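Trainee: I have a structure I would like to understand better, so I am pasting it below and will then ask my questions one at a time.
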Amino acid sequence: MSKRIRLGVLTPSSNTSLEPLTSAIVAEVPGVSAHFSRFTVTEISLKDQALGQFDDTKILEAAKLLADAHVDSIGWSGTSSGWLGFERDVQLCRRITEVTGIPATTSVLALNEILAKTGTKKLGLATPYVPDVQARIVANYATLGIEVPSEQHLGISVNFDFAEVAEDTLRTMVREVAKSRPEAITTFCTNLRAAQLADELEAETGIPLYDTVSTVVWKQLRMAGIDTRTIKGWGRLFREVA
């Protein structure tokens with residue numbers, strides 16, 4: 001019997017989108033399963049209390065629980081380093097590996113790798129976030145030499161509510177962002193139900209859509225040596241980026 005591959009996924013406590021989406025994506029690959037561990041995240045803002053939710057101590061405790069399941073990698077399916085700074089995810093991955101012995105990655109580090117591989121310098125940004133969080137994300141991408149020529153945000157701070165955003169709202173946001181003709185678009189929040197729209201919106205706009213639920217799954221599968229081109233129906237990322 002071939003070896004099973006277990007993906008460990010760190011999940012915000014109030015997130016109801018990423019688990020079903022992640023499981024649906026990996027269902028395309030025989031022998032792969034996703035396993036989840038939660039820690040408290042209920043608000044996305046620049047308030048001290050909201051920023052404190054991403055203290056490494058809480059995340060590491062959740063990672064240790066995943067290690068009990070003998071997962072092959074641990075992925076933080078979250079976008080917090082978009083406003084906290086990308087180095088936060090680098091440090092987090094290092095600490096996860098130190099305490100569990102398991103390689104780690106994140107949605108944002110995976111997205112940034114994809115942007116580098118594809119040479120993307122103009123990125124369209126669609127999020128549910130409040131304006132100051134959105135501005136931080138745009139500023140952090142500027143440090144990588146990536147311009148955000150167009151963006152859409154919904155002004156929501158309650159994390160649970162992100163999953164309630166309708167698909168038609170997400171379609172409208174992506175269409176608006178696409179008008180500036182960026183080289184790629186990201187739906188940047190793992191509690192948006194957007195990953196399943198990638199094929200449809202890419203066909204309509206002609207622009208690759210990199211959803212942040214999908215990016216961490218893509219990276220974890222690649223870490224396991226899996227050819228993601230077998231995955232159909234989840235966008236150009238899996239078919240084209242190697």
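In the structure tokens, chains take letters A, B, ... by order of appearance, with residues numbered from 1 within each chain and ligands from 1 in the order shown.
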Quick one: residues within 8 Å of range 185-189 of chain A, only C-alpha atoms, excluding same-chain residues fewer than 4 positions away - as number ranges by chain?

Mentor: A: 78-79, 123-128, 174, 177-178, 194, 207-213

Trainee: Extract, using only C-alpha atoms, all DNA, RNA and protein residues at most 12 Å from Val138 in chain A, discarding same-chain residues fewer than 5 positions from it, and format them as JSON, numbers by chain.

Mentor: {"A": [81, 82, 83, 84, 85, 122, 123, 124, 125, 126, 127, 131, 132, 133, 143, 144, 145, 146, 147, 148, 149, 150, 151, 152, 153, 188]}

Trainee: Using only C-alpha atoms, which residue out of A:Thr172, A:Gln220, A:Gln91, A:Ser45 lies closest to Ile156 in chain A?

Mentor: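 Among A:Thr172, A:Gln220, A:Gln91, A:Ser45, it is A:Ser45 that comes nearest to Ile156 in chain A.
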
Trainee: Skip Val71 in chain A itself and residues of its chain fewer than 4 positions away, then list as an mmCIF file with all heavy atoms, in the first residue's frame all residues within 8 Å of it, counting only C-alpha atoms.

Mentor:
data_model
loop_
_atom_site.group_PDB
_atom_site.id
_atom_site.type_symbol
_atom_site.label_atom_id
_atom_site.label_comp_id
_atom_site.auth_asym_id
_atom_site.auth_seq_id
_atom_site.Cartn_x
_atom_site.Cartn_y
_atom_site.Cartn_z
ATOM 1 N N ILE A 5 -0.519 10.472 2.811
ATOM 2 C CA ILE A 5 -0.006 11.813 3.065
ATOM 3 C C ILE A 5 -1.039 12.559 3.895
ATOM 4 O O ILE A 5 -2.205 12.670 3.514
ATOM 5 C CB ILE A 5 0.255 12.582 1.747
ATOM 6 C CG1 ILE A 5 1.285 11.842 0.891
ATOM 7 C CG2 ILE A 5 0.706 14.008 2.046
ATOM 8 C CD1 ILE A 5 2.654 11.746 1.494
ATOM 9 N N ARG A 6 -0.595 13.052 5.044
ATOM 10 C CA ARG A 6 -1.480 13.797 5.940
ATOM 11 C C ARG A 6 -1.022 15.250 5.997
ATOM 12 O O ARG A 6 0.120 15.521 6.369
ATOM 13 C CB ARG A 6 -1.463 13.180 7.342
ATOM 14 C CG ARG A 6 -1.862 11.715 7.400
ATOM 15 C CD ARG A 6 -1.722 11.179 8.810
ATOM 16 N NE ARG A 6 -1.994 9.759 8.896
ATOM 17 C CZ ARG A 6 -1.082 8.807 8.701
ATOM 18 N NH1 ARG A 6 0.169 9.142 8.422
ATOM 19 N NH2 ARG A 6 -1.411 7.532 8.793
ATOM 20 N N LEU A 7 -1.914 16.156 5.631
ATOM 21 C CA LEU A 7 -1.618 17.588 5.704
ATOM 22 C C LEU A 7 -2.213 18.147 6.989
ATOM 23 O O LEU A 7 -3.417 18.028 7.230
ATOM 24 C CB LEU A 7 -2.208 18.323 4.497
ATOM 25 C CG LEU A 7 -1.864 17.784 3.106
ATOM 26 C CD1 LEU A 7 -2.459 18.691 2.031
ATOM 27 C CD2 LEU A 7 -0.363 17.634 2.921
ATOM 28 N N GLY A 8 -1.374 18.746 7.809
ATOM 29 C CA GLY A 8 -1.853 19.403 9.018
ATOM 30 C C GLY A 8 -2.129 20.864 8.725
ATOM 31 O O GLY A 8 -1.293 21.549 8.125
ATOM 32 N N HIS A 35 -6.026 17.499 8.022
ATOM 33 C CA HIS A 35 -6.354 17.402 9.445
ATOM 34 C C HIS A 35 -6.139 18.774 10.066
ATOM 35 O O HIS A 35 -5.141 19.440 9.783
ATOM 36 C CB HIS A 35 -5.490 16.331 10.104
ATOM 37 C CG HIS A 35 -5.574 15.025 9.367
ATOM 38 N ND1 HIS A 35 -6.538 14.093 9.624
ATOM 39 C CD2 HIS A 35 -4.836 14.544 8.320
ATOM 40 C CE1 HIS A 35 -6.394 13.078 8.783
ATOM 41 N NE2 HIS A 35 -5.369 13.325 7.989
ATOM 42 N N LEU A 66 -1.429 18.878 16.110
ATOM 43 C CA LEU A 66 -1.326 18.286 14.778
ATOM 44 C C LEU A 66 -0.182 17.274 14.711
ATOM 45 O O LEU A 66 -0.285 16.253 14.025
ATOM 46 C CB LEU A 66 -1.119 19.376 13.726
ATOM 47 C CG LEU A 66 -2.330 20.239 13.393
ATOM 48 C CD1 LEU A 66 -1.925 21.379 12.466
ATOM 49 C CD2 LEU A 66 -3.435 19.401 12.756
ATOM 50 N N ALA A 67 0.886 17.557 15.419
ATOM 51 C CA ALA A 67 2.028 16.635 15.422
ATOM 52 C C ALA A 67 1.629 15.268 15.974
ATOM 53 O O ALA A 67 2.179 14.245 15.560
ATOM 54 C CB ALA A 67 3.180 17.226 16.232
ATOM 55 N N ILE A 102 8.412 19.063 12.266
ATOM 56 C CA ILE A 102 7.643 18.931 11.030
ATOM 57 C C ILE A 102 7.801 20.203 10.197
ATOM 58 O O ILE A 102 7.685 21.312 10.720
ATOM 59 C CB ILE A 102 6.153 18.683 11.351
ATOM 60 C CG1 ILE A 102 5.988 17.378 12.128
ATOM 61 C CG2 ILE A 102 5.307 18.661 10.075
ATOM 62 C CD1 ILE A 102 4.609 17.178 12.712
#

Trainee: Excluding Thr190 in chain A and its own-chain neighbours fewer than 6 positions away, which residues fall within 12 Å of it when counting only C-alpha atoms? Please give them as number ranges by chain.

Mentor: A: 9-22, 76-80, 106-108, 126-129, 159-160, 162-163, 210-217

Trainee: So that I can check the secondary structure, give me every residue of range 36-199 of chain A assigned alpha helix (DSSP H) by backbone DSSP, as a PyMOL selection string.

Mentor: chain A and resi 48-52+56-67+81-84+86-100+107-118+131-142+159-162+167-178+198-199

Trainee: Could you tell me which of A:Asp227, A:Asn112, A:Arg239, A:Ala135 comes closest to Ala184 in chain A if we count only C-alpha atoms?

Mentor: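 Among A:Asp227, A:Asn112, A:Arg239, A:Ala135, it is A:Asn112 that comes nearest to Ala184 in chain A.
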
Trainee: List as a Markdown table every residue of range 129-242 of chain A that is in contact with range 23-30 of chain A, defined as an atom at most 9 Å from one of its atoms (using only C-alpha atoms), together with the nearest atom pair and the distance in Å rounded to one decimal, sorted by chain and then rising number.

Mentor:
| residue | atom | partner | partner_atom | distance |
| --- | --- | --- | --- | --- |
| A:Ser214 | CA | A:Ile25 | CA | 7.9 |
| A:Val217 | CA | A:Val26 | CA | 7.8 |
| A:Leu221 | CA | A:Val26 | CA | 8.6 |
| A:Ile226 | CA | A:Val29 | CA | 8.6 |
| A:Thr228 | CA | A:Val29 | CA | 8.4 |
| A:Thr230 | CA | A:Val29 | CA | 7.4 |
| A:Ile231 | CA | A:Glu28 | CA | 5.7 |
| A:Lys232 | CA | A:Glu28 | CA | 7.5 |
| A:Gly233 | CA | A:Ile25 | CA | 8.8 |
| A:Trp234 | CA | A:Ile25 | CA | 7.3 |

Trainee: Within range 13-191 of chain A, find each residue whose DSSP state, derived from the backbone, is strand (DSSP E or B), and express the selection as a list in words.

Mentor: Val32, Ser33, Ala34, His35, Phe36, Ser37, Arg38, Phe39, Glu43, Ser73, Ile74, Gly75, Trp76, Ala104, Thr105, Thr106, Lys122, Leu123, Gly124, Leu125, Ala126, Glu147, Glu151, Gln152, Val158, Ala184, Ile185, Thr186 and Thr187 of chain A

Trainee: Just checking: using only C-alpha atoms, which residue out of A:Glu183, A:Asp161, A:Ala62, A:Asp168 ends up closest to Thr120 in chain A?

Mentor: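 Between A:Glu183, A:Asp161, A:Ala62, A:Asp168, the residue approaching Thr120 in chain A most closely is A:Glu183.
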
Trainee: Can you measure CA of Gly225 in chain A to CA of Val90 in chain A for me? One decimal in Å is fine.

Mentor: 21.4 Å

Trainee: For Arg38 in chain A, which residue out of A:Ala142, A:Ala50, A:Leu92, A:Ile59 is the nearest one, using only C-alpha atoms?

Mentor: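 Closest residue, counting only C-alpha atoms: A:Ile59.
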
Trainee: Taking only C-alpha atoms into account, which of A:Arg175, A:Arg94, A:Lys121, A:Lys219 comes nearest Ala203 in chain A?

Mentor: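 Once distances to Ala203 in chain A are computed over only C-alpha atoms, the minimum belongs to A:Arg175.
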
Trainee: Which distance in Å separates CA of Ile114 in chain A and CA of Trp218 in chain A, to one decimal?

Mentor: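 So the two atoms, CA of Ile114 in chain A and CA of Trp218 in chain A, lie 9.6 Å apart.
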
Trainee: Find the residue from A:Thr205, A:Gln53, A:Leu46, A:Phe39 that sits nearest to Ser180 in chain A; use only C-alpha atoms when measuring.

Mentor: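 Checking each of A:Thr205, A:Gln53, A:Leu46, A:Phe39 against Ser180 in chain A, counting only C-alpha atoms, the winner is A:Thr205.
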
Trainee: Would you mind reading off the distance between CA of Leu170 in chain A and CA of Leu192 in chain A, one decimal, in Å?

Mentor: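 About the pair CA of Leu170 in chain A and CA of Leu192 in chain A: they are 8.4 Å apart.
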